[in-house]
$ cat structure-v3.cif   # mmCIF, C-alpha atoms (C1' of nucleotides)
data_start
loop_
_atom_site.label_atom_id
_atom_site.label_comp_id
_atom_site.auth_asym_id
_atom_site.auth_seq_id
_atom_site.Cartn_x
_atom_site.Cartn_y
_atom_site.Cartn_z
CA MET A 1 81.26 29.11 53.44
CA ARG A 2 82.44 26.05 55.31
CA PRO A 3 80.23 23.60 57.23
CA SER A 4 80.11 24.38 60.91
CA SER A 5 82.36 22.28 63.07
CA ALA A 6 79.59 21.81 65.65
CA VAL A 7 77.55 18.61 65.37
CA ALA A 8 75.02 19.24 62.62
CA ASP A 9 71.65 17.63 62.06
CA THR A 10 71.31 14.78 59.59
CA SER A 11 70.03 16.83 56.65
CA THR A 12 72.97 19.18 56.99
CA ARG A 13 75.45 16.34 57.19
CA ILE A 14 73.94 14.75 54.10
CA LEU A 15 74.29 18.05 52.26
CA ASP A 16 77.88 18.45 53.47
CA ILE A 17 78.88 15.07 52.11
CA ALA A 18 76.93 15.44 48.88
CA GLU A 19 78.48 18.85 48.36
CA ARG A 20 81.97 17.47 48.64
CA LEU A 21 81.13 14.63 46.25
CA VAL A 22 79.69 16.97 43.61
CA GLN A 23 82.59 19.38 43.98
CA THR A 24 85.08 16.63 43.31
CA ARG A 25 83.26 14.09 41.12
CA GLY A 26 80.27 15.84 39.57
CA PHE A 27 76.55 15.22 39.87
CA ASN A 28 76.47 12.06 37.76
CA ALA A 29 79.41 10.41 39.45
CA PHE A 30 78.13 10.15 43.00
CA SER A 31 75.34 8.06 44.47
CA TYR A 32 73.16 7.82 47.53
CA ALA A 33 75.27 4.79 48.40
CA ASN A 34 78.37 7.01 48.61
CA ILE A 35 76.66 9.35 51.05
CA ALA A 36 75.19 6.48 53.05
CA ALA A 37 78.60 4.88 53.45
CA ALA A 38 80.20 8.11 54.61
CA LEU A 39 77.37 8.73 57.07
CA HIS A 40 76.97 5.13 58.27
CA VAL A 41 73.28 4.98 57.43
CA THR A 42 71.25 3.22 54.73
CA THR A 43 70.21 4.79 51.44
CA ALA A 44 66.56 4.45 52.48
CA SER A 45 67.29 6.83 55.31
CA LEU A 46 68.60 9.43 52.90
CA HIS A 47 65.38 9.33 50.90
CA TYR A 48 63.51 10.36 54.04
CA HIS A 49 65.45 13.65 54.06
CA PHE A 50 65.71 14.16 50.31
CA PRO A 51 63.08 12.20 48.36
CA THR A 52 64.99 12.31 45.06
CA LYS A 53 68.51 13.04 43.90
CA GLY A 54 67.16 16.01 41.99
CA LYS A 55 65.67 17.55 45.12
CA LEU A 56 68.94 17.01 46.92
CA GLY A 57 70.69 18.76 44.06
CA GLU A 58 68.34 21.73 44.28
CA ARG A 59 68.97 22.17 47.98
CA LEU A 60 72.69 21.81 47.36
CA ILE A 61 72.78 24.71 44.92
CA GLU A 62 70.44 26.84 46.98
CA ARG A 63 72.60 26.40 50.07
CA TYR A 64 75.79 27.02 48.14
CA ARG A 65 74.41 30.23 46.68
CA THR A 66 73.26 31.42 50.10
CA GLY A 67 76.67 30.74 51.59
CA PHE A 68 78.43 32.42 48.69
CA LEU A 69 76.25 35.52 48.90
CA ALA A 70 76.83 35.65 52.64
CA ALA A 71 80.56 35.66 51.95
CA LEU A 72 80.06 38.52 49.47
CA ASP A 73 78.06 40.43 52.08
CA ALA A 74 80.88 39.87 54.53
CA ILE A 75 83.31 41.37 52.01
CA ASP A 76 81.04 44.38 51.60
CA ALA A 77 80.76 44.76 55.35
CA THR A 78 84.50 45.34 55.69
CA GLY A 79 84.10 48.65 53.88
CA ALA A 80 87.15 47.80 51.80
CA ASP A 81 87.86 49.52 48.48
CA ALA A 82 87.21 47.82 45.15
CA VAL A 83 90.74 46.45 44.88
CA GLN A 84 90.56 44.78 48.27
CA LYS A 85 87.10 43.46 47.50
CA LEU A 86 88.30 41.87 44.28
CA ARG A 87 91.22 40.26 46.06
CA ALA A 88 88.86 38.87 48.68
CA TYR A 89 86.52 37.69 45.94
CA VAL A 90 89.33 35.79 44.25
CA GLY A 91 90.18 34.36 47.65
CA LEU A 92 86.80 32.63 47.74
CA TYR A 93 87.85 30.63 44.69
CA THR A 94 91.40 29.87 45.80
CA ASP A 95 90.06 28.71 49.17
CA VAL A 96 87.81 26.19 47.46
CA LEU A 97 90.68 24.81 45.41
CA ALA A 98 92.93 24.74 48.47
CA ARG A 99 90.42 22.29 49.97
CA ASN A 100 90.85 20.11 46.87
CA ARG A 101 87.45 21.00 45.49
CA MET A 102 86.00 22.71 42.46
CA CYS A 103 83.27 25.34 42.57
CA LEU A 104 80.02 23.43 43.05
CA CYS A 105 78.33 25.42 40.32
CA GLY A 106 81.26 25.19 37.94
CA MET A 107 80.98 21.42 38.16
CA LEU A 108 77.23 21.54 37.65
CA ALA A 109 77.67 23.84 34.66
CA ALA A 110 79.56 20.98 33.01
CA ASP A 111 76.75 18.59 33.94
CA TYR A 112 74.14 21.11 32.76
CA GLU A 113 72.66 19.06 29.94
CA THR A 114 71.87 16.15 32.27
CA LEU A 115 70.34 18.16 35.12
CA PRO A 116 66.62 18.28 35.92
CA LYS A 117 65.00 21.63 35.09
CA PRO A 118 64.71 22.89 38.68
CA MET A 119 68.44 22.38 39.18
CA ARG A 120 69.15 24.32 36.00
CA THR A 121 67.08 27.19 37.29
CA GLU A 122 68.93 27.21 40.61
CA LEU A 123 72.23 27.12 38.79
CA ARG A 124 71.39 30.19 36.71
CA ARG A 125 70.39 31.98 39.85
CA PHE A 126 73.84 31.39 41.34
CA PHE A 127 75.72 32.83 38.41
CA ASP A 128 73.29 35.72 38.03
CA ALA A 129 73.67 36.72 41.68
CA ASN A 130 77.42 36.33 41.45
CA GLU A 131 77.49 38.55 38.38
CA VAL A 132 75.30 41.21 39.96
CA TRP A 133 77.61 41.60 42.94
CA LEU A 134 80.77 41.62 40.87
CA THR A 135 79.33 44.07 38.35
CA ARG A 136 78.47 46.51 41.13
CA VAL A 137 81.97 46.29 42.62
CA LEU A 138 83.55 46.89 39.22
CA ASP A 139 81.21 49.72 38.31
CA THR A 140 81.62 51.51 41.63
CA GLY A 141 85.36 50.87 41.68
CA ARG A 142 85.84 52.48 38.29
CA GLU A 143 83.70 55.49 39.21
CA ARG A 144 85.94 56.02 42.20
CA ASP A 145 89.10 55.59 40.11
CA GLU A 146 90.11 52.58 42.16
CA LEU A 147 89.90 50.43 39.03
CA THR A 148 90.76 51.00 35.39
CA PHE A 149 89.25 49.03 32.54
CA ALA A 150 87.52 49.50 29.21
CA GLY A 151 84.04 48.32 28.30
CA SER A 152 81.00 47.51 30.39
CA PRO A 153 81.33 46.34 34.00
CA VAL A 154 78.97 43.44 33.37
CA ASP A 155 81.16 42.09 30.55
CA ALA A 156 84.21 42.51 32.74
CA ALA A 157 82.44 40.64 35.53
CA ARG A 158 81.43 37.79 33.25
CA VAL A 159 84.88 37.19 31.85
CA LEU A 160 86.39 37.28 35.34
CA VAL A 161 83.99 34.59 36.55
CA ALA A 162 84.64 32.54 33.42
CA ALA A 163 88.41 32.77 33.85
CA LEU A 164 88.24 31.79 37.53
CA GLU A 165 85.96 28.82 36.87
CA GLY A 166 88.04 27.66 33.92
CA ALA A 167 91.36 28.16 35.68
CA MET A 168 90.16 26.13 38.65
CA MET A 169 89.30 23.17 36.41
CA LEU A 170 92.58 23.39 34.51
CA ALA A 171 94.61 23.84 37.67
CA ARG A 172 93.29 20.52 38.92
CA SER A 173 93.68 18.53 35.73
CA GLN A 174 97.16 19.94 35.06
CA GLY A 175 98.14 19.18 38.65
CA ASP A 176 99.18 22.77 39.36
CA PRO A 177 96.93 24.59 41.85
CA ALA A 178 99.05 27.74 41.62
CA ARG A 179 97.68 28.36 38.16
CA LEU A 180 94.43 29.61 39.63
CA GLN A 181 96.11 32.41 41.58
CA SER A 182 98.26 33.15 38.58
CA ALA A 183 95.22 33.45 36.32
CA ALA A 184 93.43 35.57 38.91
CA ASP A 185 96.38 37.95 39.22
CA ARG A 186 96.42 38.43 35.45
CA MET A 187 92.70 39.08 35.32
CA LEU A 188 92.89 41.60 38.17
CA ALA A 189 95.83 43.32 36.50
CA GLY A 190 93.58 43.80 33.49
CA LEU A 191 91.18 45.68 35.76
CA GLY A 192 93.86 48.04 36.94
CA VAL A 193 94.72 46.18 40.13
CA LYS A 194 98.43 46.41 40.80
CA PRO A 195 100.29 43.25 41.91
CA ALA A 196 100.14 42.78 45.68
CA MET B 1 87.95 19.24 13.19
CA ARG B 2 84.60 17.85 12.08
CA PRO B 3 83.86 14.26 11.14
CA SER B 4 84.12 13.63 7.43
CA SER B 5 80.82 13.57 5.62
CA ALA B 6 81.89 10.51 3.63
CA VAL B 7 80.76 7.15 4.98
CA ALA B 8 83.16 6.31 7.77
CA ASP B 9 84.12 2.94 9.17
CA THR B 10 82.46 1.64 12.31
CA SER B 11 85.21 2.61 14.74
CA THR B 12 85.12 6.17 13.45
CA ARG B 13 81.36 6.36 13.68
CA ILE B 14 81.48 5.08 17.23
CA LEU B 15 84.02 7.76 18.10
CA ASP B 16 81.91 10.44 16.39
CA ILE B 17 78.85 9.57 18.43
CA ALA B 18 80.77 9.12 21.68
CA GLU B 19 82.48 12.44 21.09
CA ARG B 20 79.19 14.25 20.75
CA LEU B 21 77.85 12.56 23.88
CA VAL B 22 80.87 13.51 25.97
CA GLN B 23 80.86 17.06 24.63
CA THR B 24 77.25 17.53 25.67
CA ARG B 25 76.74 15.21 28.66
CA GLY B 26 80.17 14.35 30.04
CA PHE B 27 81.99 11.06 30.41
CA ASN B 28 79.89 9.69 33.25
CA ALA B 29 76.53 10.52 31.69
CA PHE B 30 76.71 8.46 28.52
CA SER B 31 76.67 4.72 28.03
CA TYR B 32 77.48 2.10 25.44
CA ALA B 33 73.72 1.72 25.11
CA ASN B 34 73.46 5.35 23.95
CA ILE B 35 76.01 4.78 21.22
CA ALA B 36 74.49 1.44 20.25
CA ALA B 37 71.06 3.01 19.84
CA ALA B 38 72.39 5.84 17.69
CA LEU B 39 74.34 3.40 15.54
CA HIS B 40 71.69 0.66 15.38
CA VAL B 41 73.99 -2.04 16.68
CA THR B 42 74.26 -3.93 19.98
CA THR B 43 76.51 -2.96 22.85
CA ALA B 44 78.43 -6.23 22.41
CA SER B 45 79.42 -5.00 18.99
CA LEU B 46 80.91 -1.85 20.46
CA HIS B 47 83.10 -3.84 22.81
CA TYR B 48 84.69 -5.49 19.78
CA HIS B 49 85.97 -2.06 18.65
CA PHE B 50 86.68 -0.60 22.08
CA PRO B 51 87.07 -3.26 24.78
CA THR B 52 86.38 -0.87 27.66
CA LYS B 53 84.87 2.56 28.12
CA GLY B 54 88.23 3.77 29.36
CA LYS B 55 89.96 2.72 26.13
CA LEU B 56 87.25 4.44 24.15
CA GLY B 57 87.86 7.55 26.21
CA GLU B 58 91.59 7.43 25.52
CA ARG B 59 91.07 7.20 21.78
CA LEU B 60 88.54 10.03 22.01
CA ILE B 61 91.00 12.44 23.58
CA GLU B 62 93.84 11.34 21.34
CA ARG B 63 91.75 11.95 18.23
CA TYR B 64 90.47 15.26 19.54
CA ARG B 65 93.98 16.46 20.25
CA THR B 66 95.20 15.40 16.82
CA GLY B 67 92.34 17.23 15.14
CA PHE B 68 92.88 20.31 17.27
CA LEU B 69 96.60 20.40 16.55
CA ALA B 70 95.86 19.96 12.85
CA ALA B 71 93.62 23.01 13.04
CA LEU B 72 96.43 24.94 14.73
CA ASP B 73 98.83 23.85 12.01
CA ALA B 74 96.33 25.06 9.44
CA ILE B 75 96.26 28.44 11.16
CA ASP B 76 100.06 28.58 11.07
CA ALA B 77 100.06 27.63 7.40
CA THR B 78 98.10 30.75 6.46
CA GLY B 79 101.11 32.86 7.38
CA ALA B 80 98.81 35.25 9.21
CA ASP B 81 100.08 37.65 11.86
CA ALA B 82 99.59 37.00 15.56
CA VAL B 83 96.35 38.99 15.73
CA GLN B 84 94.77 36.98 12.94
CA LYS B 85 96.03 33.76 14.45
CA LEU B 86 94.46 34.57 17.79
CA ARG B 87 91.16 35.40 16.14
CA ALA B 88 91.27 32.10 14.29
CA TYR B 89 92.17 30.32 17.52
CA VAL B 90 89.15 31.80 19.28
CA GLY B 91 87.10 30.73 16.28
CA LEU B 92 87.89 27.10 17.06
CA TYR B 93 86.08 27.51 20.36
CA THR B 94 83.12 29.50 19.06
CA ASP B 95 82.66 26.93 16.29
CA VAL B 96 82.35 24.16 18.87
CA LEU B 97 79.75 26.09 20.83
CA ALA B 98 77.88 26.97 17.64
CA ARG B 99 77.40 23.22 17.16
CA ASN B 100 75.85 23.08 20.63
CA ARG B 101 78.84 21.36 22.13
CA MET B 102 81.44 22.02 24.78
CA CYS B 103 85.16 21.44 24.34
CA LEU B 104 85.68 17.70 24.79
CA CYS B 105 88.62 18.29 27.10
CA GLY B 106 86.89 21.02 29.07
CA MET B 107 84.16 18.52 29.87
CA LEU B 108 86.68 15.85 30.79
CA ALA B 109 88.53 18.32 33.01
CA ALA B 110 85.36 18.52 35.09
CA ASP B 111 85.19 14.72 35.17
CA TYR B 112 88.89 14.51 35.98
CA GLU B 113 88.60 12.90 39.41
CA THR B 114 86.60 9.98 38.02
CA LEU B 115 88.76 9.26 34.96
CA PRO B 116 91.09 6.27 34.63
CA LYS B 117 94.78 7.20 34.75
CA PRO B 118 95.47 6.78 31.02
CA MET B 119 92.67 9.23 30.22
CA ARG B 120 94.09 11.74 32.67
CA THR B 121 97.45 11.49 30.96
CA GLU B 122 95.90 12.07 27.54
CA LEU B 123 93.97 15.03 28.90
CA ARG B 124 97.09 16.71 30.19
CA ARG B 125 98.71 16.20 26.84
CA PHE B 126 95.90 18.10 25.15
CA PHE B 127 96.18 21.15 27.35
CA ASP B 128 99.97 21.06 27.26
CA ALA B 129 100.05 21.00 23.46
CA ASN B 130 97.41 23.71 23.31
CA GLU B 131 99.46 25.86 25.67
CA VAL B 132 102.69 25.34 23.74
CA TRP B 133 101.14 26.56 20.49
CA LEU B 134 99.45 29.53 22.09
CA THR B 135 102.54 30.53 24.03
CA ARG B 136 104.58 30.58 20.85
CA VAL B 137 102.04 32.75 19.05
CA LEU B 138 101.92 35.19 21.96
CA ASP B 139 105.69 35.31 22.38
CA THR B 140 106.40 35.81 18.68
CA GLY B 141 103.54 38.28 18.33
CA ARG B 142 104.88 40.47 21.10
CA GLU B 143 108.42 40.36 19.72
CA ARG B 144 107.06 41.63 16.41
CA ASP B 145 104.99 44.33 18.15
CA GLU B 146 101.77 42.82 16.84
CA LEU B 147 100.66 42.20 20.42
CA THR B 148 101.03 44.13 23.66
CA PHE B 149 100.81 42.55 27.08
CA ALA B 150 102.68 42.33 30.35
CA GLY B 151 104.07 39.22 31.98
CA SER B 152 105.11 35.89 30.56
CA PRO B 153 103.58 34.52 27.36
CA VAL B 154 102.91 31.17 29.02
CA ASP B 155 100.85 32.78 31.79
CA ALA B 156 98.96 34.80 29.21
CA ALA B 157 98.30 31.63 27.23
CA ARG B 158 97.04 29.77 30.28
CA VAL B 159 94.58 32.42 31.34
CA LEU B 160 93.27 32.73 27.79
CA VAL B 161 92.56 29.00 27.62
CA ALA B 162 90.95 29.10 31.07
CA ALA B 163 88.71 32.01 30.13
CA LEU B 164 87.60 30.36 26.88
CA GLU B 165 86.85 27.04 28.57
CA GLY B 166 85.02 28.72 31.43
CA ALA B 167 83.09 31.09 29.20
CA MET B 168 81.92 28.20 27.04
CA MET B 169 80.47 26.40 30.05
CA LEU B 170 78.82 29.53 31.41
CA ALA B 171 77.48 30.54 28.00
CA ARG B 172 75.61 27.25 27.84
CA SER B 173 74.24 27.21 31.35
CA GLN B 174 73.21 30.86 31.19
CA GLY B 175 71.57 30.26 27.81
CA ASP B 176 73.59 32.96 26.09
CA PRO B 177 76.07 31.66 23.51
CA ALA B 178 77.18 35.21 22.64
CA ARG B 179 78.95 35.40 25.98
CA LEU B 180 81.78 33.27 24.66
CA GLN B 181 82.64 35.69 21.86
CA SER B 182 82.22 38.57 24.26
CA ALA B 183 84.64 37.00 26.73
CA ALA B 184 87.07 36.20 23.93
CA ASP B 185 87.00 39.78 22.65
CA ARG B 186 87.81 41.06 26.12
CA MET B 187 90.67 38.64 26.54
CA LEU B 188 92.12 39.52 23.14
CA ALA B 189 91.80 43.21 23.92
CA GLY B 190 93.97 42.55 26.97
CA LEU B 191 96.63 41.23 24.60
CA GLY B 192 96.59 44.36 22.53
CA VAL B 193 94.24 43.10 19.84
CA LYS B 194 91.98 45.92 18.67
CA PRO B 195 88.26 45.17 18.21
CA ALA B 196 87.53 43.79 14.73
"C1'" DG C 1 64.02 8.72 61.62
"C1'" DT C 2 66.15 4.66 60.60
"C1'" DC C 3 65.90 0.10 59.43
"C1'" DT C 4 65.27 -4.48 56.21
"C1'" DA C 5 63.95 -5.96 52.05
"C1'" DT C 6 63.14 -5.40 47.53
"C1'" DA C 7 61.62 -3.63 43.20
"C1'" DG C 8 62.80 -2.27 38.56
"C1'" DG C 9 66.09 -0.38 35.85
"C1'" DT C 10 70.65 0.48 33.80
"C1'" DG C 11 75.65 0.12 33.93
"C1'" DG C 12 79.98 -2.16 31.67
"C1'" DA C 13 81.48 -6.36 30.17
"C1'" DT C 14 81.88 -11.43 28.40
"C1'" DA C 15 80.94 -16.14 26.04
"C1'" DG C 16 80.03 -18.24 22.20
"C1'" DA C 17 77.08 -18.84 17.88
"C1'" DC C 18 76.88 -17.19 13.23
"C1'" DG D 1 82.19 -8.05 12.93
"C1'" DT D 2 77.83 -8.54 14.67
"C1'" DC D 3 74.62 -11.08 17.01
"C1'" DT D 4 71.88 -13.41 21.33
"C1'" DA D 5 72.09 -14.31 25.83
"C1'" DT D 6 73.66 -13.46 30.09
"C1'" DC D 7 76.36 -11.94 34.32
"C1'" DC D 8 76.80 -9.18 38.15
"C1'" DA D 9 77.38 -4.83 40.07
"C1'" DC D 10 75.26 -0.67 40.89
"C1'" DC D 11 71.60 2.74 40.57
"C1'" DT D 12 67.33 5.45 42.37
"C1'" DA D 13 63.43 4.70 44.77
"C1'" DT D 14 59.58 2.55 47.64
"C1'" DA D 15 56.92 -0.33 51.22
"C1'" DG D 16 56.39 -1.28 55.59
"C1'" DA D 17 58.33 -2.80 60.27
"C1'" DC D 18 60.36 -0.83 64.34
#
$ encode --input "structure-v3.cif" --output "structure tokens"
Amino acid sequence: MRPSSAVADTSTRILDIAERLVQTRGFNAFSYANIAAALHVTTASLHYHFPTKGKLGERLIERYRTGFLAALDAIDATGADAVQKLRAYVGLYTDVLARNRMCLCGMLAADYETLPKPMRTELRRFFDANEVWLTRVLDTGRERDELTFAGSPVDAARVLVAALEGAMMLARSQGDPARLQSAADRMLAGLGVKPA
Amino acid sequence: MRPSSAVADTSTRILDIAERLVQTRGFNAFSYANIAAALHVTTASLHYHFPTKGKLGERLIERYRTGFLAALDAIDATGADAVQKLRAYVGLYTDVLARNRMCLCGMLAADYETLPKPMRTELRRFFDANEVWLTRVLDTGRERDELTFAGSPVDAARVLVAALEGAMMLARSQGDPARLQSAADRMLAGLGVKPA
DNA sequence: GTCTATAGGTGGATAGAC
DNA sequence: GTCTATCCACCTATAGAC
């Protein structure tokens, strides 16, 4: 999920910086000039790698989704039970906030109305994939009596994502990062996960 | 909560238009030119009423909070029980989305890092006041056995707000407004509110 | 791949006439 | 209160040299 510490190529470094800017400021509040300054190059140089801001945005979401899904695969690979998987899933969100960032796609969801169509499509893909994974974990977990909750797994998955995204935003603006973990604990409790 | 249908003075009309723009596009994606065009005046004229964009933003949040708190007072005035109050509270959010808007303060929470200090202060005030009301309803409701939930009322209030704000954003970007009500129903069920 | 230079547009904001 | 005119900073993007 985090950029490699090895020296990366220019495109990657551009994406790393742009990602941080979107995660903190939003898509409409950063510029090529911001990236150029951080990278000590000119804005013309950036356009060689990403012809338009929209294209840069598309690659940003695509890469974020890939990294996120890789993290979900890694959780699956541990062979943990549903409870442990959910705790690890929540950890992906708390880790982002711990680095003083918001979820890239949560930020872009707020910017949705102003995004070019291809970015909107990429954004939907992220939340769809996220939901698919979470729904499967919830469904399987309940079948195995590791989890307890009423209603459909997909609805439970959606409200969990919503609560995490919302809590992250509110935690920042209320100046209290601990509220994210607190919200997550409550949501997990509602799924039959006992306090750690 | 909605602008009066009677002819309003210029300052009010400016706020009405700016409010809609922020609720759909965010604070950094609207301009004085947008408002001027909608109002058929020049941007210079707008600066007479609101000297800076930051001051306009402050008044926007202040007015939104006042309207929101008035709506909460109206809910209290009905003398309804906690269950009915919570349903009415959720209705405030679904009404906003039904008008193709986001919560003004949810949008500004995403823009938080880029906001001038006075706007940040106003924003916190909104969520604090919101939380105080909701906490009281939850606390009283549980005392009277109208609600059932574990943990502190304030934590329950916070996660409910987070879920509603998050669900509103996701409902829009996933093109499925019904997800907000669905998320709300789930959250209320977790507070011991039986399906309507 | 990165640069200089620049285009063409939009941003928030102000001075001063009416 | 609203206008015209204008400032200057910033924006995304391109052309063409190196």
$ resolve_selection --input "structure-v3.cif" --expression "the PyMOL selection byres ((chain B) within 12 of (chain C))" --output "MDAnalysis selection string"
chainID B and resid 28:34 43:48 50:54
$ interface_residues --input "structure-v3.cif" --of "chain D" --to "chain B" --cutoff "12 Å" --atoms "all atoms listed in the file" --output "VMD selection string"
chain D and resid 1 to 6
$ write_last_selection --input "structure-v3.cif" --atoms "C-alpha atoms (C1' of nucleotides)" --output "CSV table (one decimal), keeping the file's coordinate frame"
chain,number,residue,atom,x,y,z
D,1,DG,C1',82.2,-8.0,12.9
D,2,DT,C1',77.8,-8.5,14.7
D,3,DC,C1',74.6,-11.1,17.0
D,4,DT,C1',71.9,-13.4,21.3
D,5,DA,C1',72.1,-14.3,25.8
D,6,DT,C1',73.7,-13.5,30.1
$ resolve_selection --input "structure-v3.cif" --expression "the PyMOL selection byres ((chain B) within 6 of (chain A))" --output "count of residues only"
14
$ axis_aligned_box --input "structure-v3.cif" --around "region 2-18 of chain D" --padding-each-side "6 Å" --output "JSON"
{"center_x": 67.1, "center_y": -4.4, "center_z": 39.5, "size_x": 33.4, "size_y": 31.8, "size_z": 61.7}
$ closest_residue --input "structure-v3.cif" --among "B:Glu122, B:Glu131, B:Asp145, B:Asp139" --to "Glu62 (chain B)" --atoms "all atoms listed in the file"
B:Glu122
$ residues_around --input "structure-v3.cif" --residues "Tyr64 (chain A)" --least-positions-apart "5" --cutoff "12 Å" --atoms "all atoms listed in the file" --output "ChimeraX atom specification"
/A:1-3,15-16,18-20,22-23,57-59,69-71,103-106,108,122-123,125-127,129-130
$ residues_around --input "structure-v3.cif" --residues "region 136-138 of chain B" --least-positions-apart "6" --cutoff "9 Å" --atoms "only C-alpha atoms (C1' of nucleotides)" --output "PDB file with C-alpha atoms, in the coordinates of the input"
ATOM      1  CA  ASP B  81     100.080  37.650  11.860  1.00  0.00           C
ATOM      2  CA  ALA B  82      99.590  37.000  15.560  1.00  0.00           C
ATOM      3  CA  LYS B  85      96.030  33.760  14.450  1.00  0.00           C
ATOM      4  CA  LEU B  86      94.460  34.570  17.790  1.00  0.00           C
ATOM      5  CA  LEU B 147     100.660  42.200  20.420  1.00  0.00           C
ATOM      6  CA  PRO B 153     103.580  34.520  27.360  1.00  0.00           C
ATOM      7  CA  VAL B 154     102.910  31.170  29.020  1.00  0.00           C
ATOM      8  CA  ALA B 156      98.960  34.800  29.210  1.00  0.00           C
ATOM      9  CA  ALA B 157      98.300  31.630  27.230  1.00  0.00           C
ATOM     10  CA  LEU B 191      96.630  41.230  24.600  1.00  0.00           C
TER      11      LEU B 191
END
$ atom_distance --input "structure-v3.cif" --atom1 "CA of Lys55 (chain B)" --atom2 "CA of Lys117 (chain B)"
10.8 Å
$ atom_distance --input "structure-v3.cif" --atom1 "CA of Lys194 (chain A)" --atom2 "CA of Arg87 (chain B)"
28.0 Å
$ atom_distance --input "structure-v3.cif" --atom1 "CA of Ala36 (chain A)" --atom2 "CA of Leu21 (chain A)"
12.2 Å
$ build_atoms --input "structure-v3.cif" --residues "region 56-68 of chain B" --atoms "N, CA and C atoms" --output "tab-separated table (two decimals), keeping the file's coordinate frame"
chain	number	residue	atom	x	y	z
B	56	LEU	N	87.99	3.55	25.05
B	56	LEU	CA	87.25	4.44	24.15
B	56	LEU	C	87.55	5.90	24.49
B	57	GLY	N	87.55	6.20	25.77
B	57	GLY	CA	87.86	7.55	26.21
B	57	GLY	C	89.25	8.00	25.80
B	58	GLU	N	90.22	7.09	25.92
B	58	GLU	CA	91.59	7.43	25.52
B	58	GLU	C	91.66	7.80	24.05
B	59	ARG	N	91.05	6.96	23.22
B	59	ARG	CA	91.07	7.20	21.78
B	59	ARG	C	90.36	8.51	21.45
B	60	LEU	N	89.31	8.81	22.21
B	60	LEU	CA	88.54	10.03	22.01
B	60	LEU	C	89.41	11.27	22.20
B	61	ILE	N	90.14	11.28	23.29
B	61	ILE	CA	91.00	12.44	23.58
B	61	ILE	C	92.13	12.53	22.57
B	62	GLU	N	92.72	11.38	22.28
B	62	GLU	CA	93.84	11.34	21.34
B	62	GLU	C	93.41	11.90	19.98
B	63	ARG	N	92.25	11.47	19.52
B	63	ARG	CA	91.75	11.95	18.23
B	63	ARG	C	91.41	13.43	18.29
B	64	TYR	N	90.83	13.85	19.40
B	64	TYR	CA	90.47	15.26	19.54
B	64	TYR	C	91.72	16.14	19.52
B	65	ARG	N	92.73	15.69	20.21
B	65	ARG	CA	93.98	16.46	20.25
B	65	ARG	C	94.60	16.54	18.86
B	66	THR	N	94.64	15.42	18.17
B	66	THR	CA	95.20	15.40	16.82
B	66	THR	C	94.46	16.37	15.90
B	67	GLY	N	93.15	16.33	15.97
B	67	GLY	CA	92.34	17.23	15.14
B	67	GLY	C	92.57	18.69	15.51
B	68	PHE	N	92.67	18.94	16.81
B	68	PHE	CA	92.88	20.31	17.27
B	68	PHE	C	94.24	20.82	16.81
